[in-house]
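Engineer: Below are the structure tokens for one structure; questions will follow.
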Amino acid sequence: MKQTDLVDLQKLDYYKTVIDVIEKLDASGLLERGNGHCLSMSDMIQKILIQKGVDCELVECSLMITIKDPPSMALIGYDGMSAGVIDYSGKMDNHVVCITRTPVPLLIDASLKNVDTKVPYVCVPVTGRDSHTNMVEYDFGSSVWAYQKKLNSQLPVLHQKSILQRINKDREIDGKIGLLTKIVIGFGLISTLNFARGIYDFYLSFVLPNHVPTHIHNQK
């Protein structure tokens, strides 16, 4: 991408909005904590941008990062990744980015801050979307990032898994709250009964010290 393209981007209001959102997330420490969690970060960015009027979508891809100095390579989101290379995909053979539905589509990747410390996040125009090789490739100087859209989608399954986990967690929490409520109510009833018994004993002992039970009078 040419420097003139960067100048043109600075004139786009939606580009400014995207950069503002990412830099605020970075300032709050979320990019650091979200390192390696591409689905969560992209999902969060998508929701924030939609609220700000920038339509966007989540896209699954694989990513090859070629670091120049010292020479190394990071492969993210490749199926069946073998050992011997840096792999930031964790348990998911997938990488998820956010792409804006704007006149100039922007690819946003804010989950790999520690791969190349000179590239805390990615926000670049999507070029070559019809290419059979890459969705977009960009040279940041210290490293080259090449994104390729994946054909086998896992995103619906991942979202479903996430939703089911949230439902199960909510049920677990509700169950614990219900049990705790029952325990609190039980202690409350016991305390109330003990308090009432104490008042009754106090009444018999001090208010009616000469009180004789009725059944004793009847025996006499």
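Chain labels run A, B, ... following the order of the structure tokens; each chain numbers its residues from 1, and ligands are numbered from 1 in the order shown.
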What's the 7 Å shell around stretch 110-113 of chain A, counting only C-alpha atoms, without same-chain residues fewer than 3 positions away, as a list of chain:residue names?

Structural biologist: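 Residues near the query, excluding close chain neighbours: A:Leu31, A:Glu32, A:Gly34, A:Asn35, A:Gly36, A:His37, A:Cys38, A:Met41, A:Asp116, A:Thr117, A:Val119, A:Pro120, A:Tyr121, A:Val122.
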
Engineer: Can you pull out every residue within 7 Å of stretch 59-71 of chain A, counting only C-alpha atoms, but drop anything in the same chain fewer than 5 positions away, and send it as a ChimeraX atom specification?

Structural biologist: /A:76-78,94-99,142-150,153

Engineer: Please, could you write that set of residues out with C-alpha atoms as a PDB file, in the first residue's frame?

Structural biologist:
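Below you can see out-v4.pdb, which holds the result:
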```
ATOM      1  CA  ILE A  76      -2.190 -18.401  12.933  1.00  0.00           C
ATOM      2  CA  GLY A  77      -5.436 -20.165  12.142  1.00  0.00           C
ATOM      3  CA  TYR A  78      -4.039 -22.910   9.936  1.00  0.00           C
ATOM      4  CA  ASN A  94      -8.943 -20.470  13.032  1.00  0.00           C
ATOM      5  CA  HIS A  95      -8.357 -16.754  13.143  1.00  0.00           C
ATOM      6  CA  VAL A  96     -11.186 -14.220  13.245  1.00  0.00           C
ATOM      7  CA  VAL A  97     -10.920 -10.597  12.168  1.00  0.00           C
ATOM      8  CA  CYS A  98     -13.435  -7.797  11.767  1.00  0.00           C
ATOM      9  CA  ILE A  99     -14.004  -6.221   8.335  1.00  0.00           C
ATOM     10  CA  SER A 142       9.309  -4.952  10.588  1.00  0.00           C
ATOM     11  CA  SER A 143       7.001  -7.760   9.418  1.00  0.00           C
ATOM     12  CA  VAL A 144       4.692  -8.817   6.581  1.00  0.00           C
ATOM     13  CA  TRP A 145       1.128  -9.910   7.393  1.00  0.00           C
ATOM     14  CA  ALA A 146      -0.705 -12.039   4.810  1.00  0.00           C
ATOM     15  CA  TYR A 147      -4.366 -12.868   5.438  1.00  0.00           C
ATOM     16  CA  GLN A 148      -6.240 -15.559   3.536  1.00  0.00           C
ATOM     17  CA  LYS A 149      -9.971 -16.149   3.907  1.00  0.00           C
ATOM     18  CA  LYS A 150     -10.862 -19.656   5.077  1.00  0.00           C
ATOM     19  CA  SER A 153     -16.299 -21.937   8.350  1.00  0.00           C
TER      20      SER A 153
END
```

Engineer: If you measure from atom CA of A:Leu39 to atom CA of A:Leu58, what distance in Å do you get, rounded to one decimal?

Structural biologist: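 Atom-to-atom, atom CA of A:Leu39 to atom CA of A:Leu58, that is 8.5 Å.
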
Engineer: For stretch 102-106 of chain A, please output as number ranges by chain all residues within 8 Å (counting only C-alpha atoms; exclusion window: fewer than 3 positions along the same chain).

Structural biologist: A: 14-15, 54-56, 99, 123-126

Engineer: Which residue out of A:Ile190, A:Leu49, A:Ala74, A:Ile185 has the minimum interatomic distance to A:Thr17 when only C-alpha atoms are used?

Structural biologist: A:Leu49

Engineer: Nearest to A:Met135 among A:Leu107, A:Ile50, A:Ala27, A:Val18, with distances taken over only C-alpha atoms: which residue is it?

Structural biologist: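 When distances to A:Met135 are compared using only C-alpha atoms, the smallest one comes from A:Leu107.
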
Engineer: Per DSSP on the backbone, filter stretch 22-62 of chain A down to the residues in strand (DSSP E) and report them as a list in words.

Structural biologist: Cys56, Glu57, Leu58, Val59, Glu60, Cys61 and Ser62 of chain A

Engineer: Since we have the selection now, will you write its residues out, keeping C-alpha atoms, as a PDB file, in the first residue's frame?

Structural biologist:
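Everything below was put into result15.pdb:
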```pdb
ATOM      1  CA  CYS A  56     -18.947  -4.604   9.896  1.00  0.00           C
ATOM      2  CA  GLU A  57     -18.731  -8.388   9.880  1.00  0.00           C
ATOM      3  CA  LEU A  58     -16.624 -11.154  11.378  1.00  0.00           C
ATOM      4  CA  VAL A  59     -14.497 -13.065   8.885  1.00  0.00           C
ATOM      5  CA  GLU A  60     -12.553 -16.275   9.435  1.00  0.00           C
ATOM      6  CA  CYS A  61      -9.096 -16.466   7.969  1.00  0.00           C
ATOM      7  CA  SER A  62      -5.593 -17.818   8.320  1.00  0.00           C
TER       8      SER A  62
END
```

Engineer: Enter the distance from atom CA of A:Asp20 to atom CA of A:Met73, in Å, rounded to one decimal.

Structural biologist: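 A separation of 29.7 Å between them.
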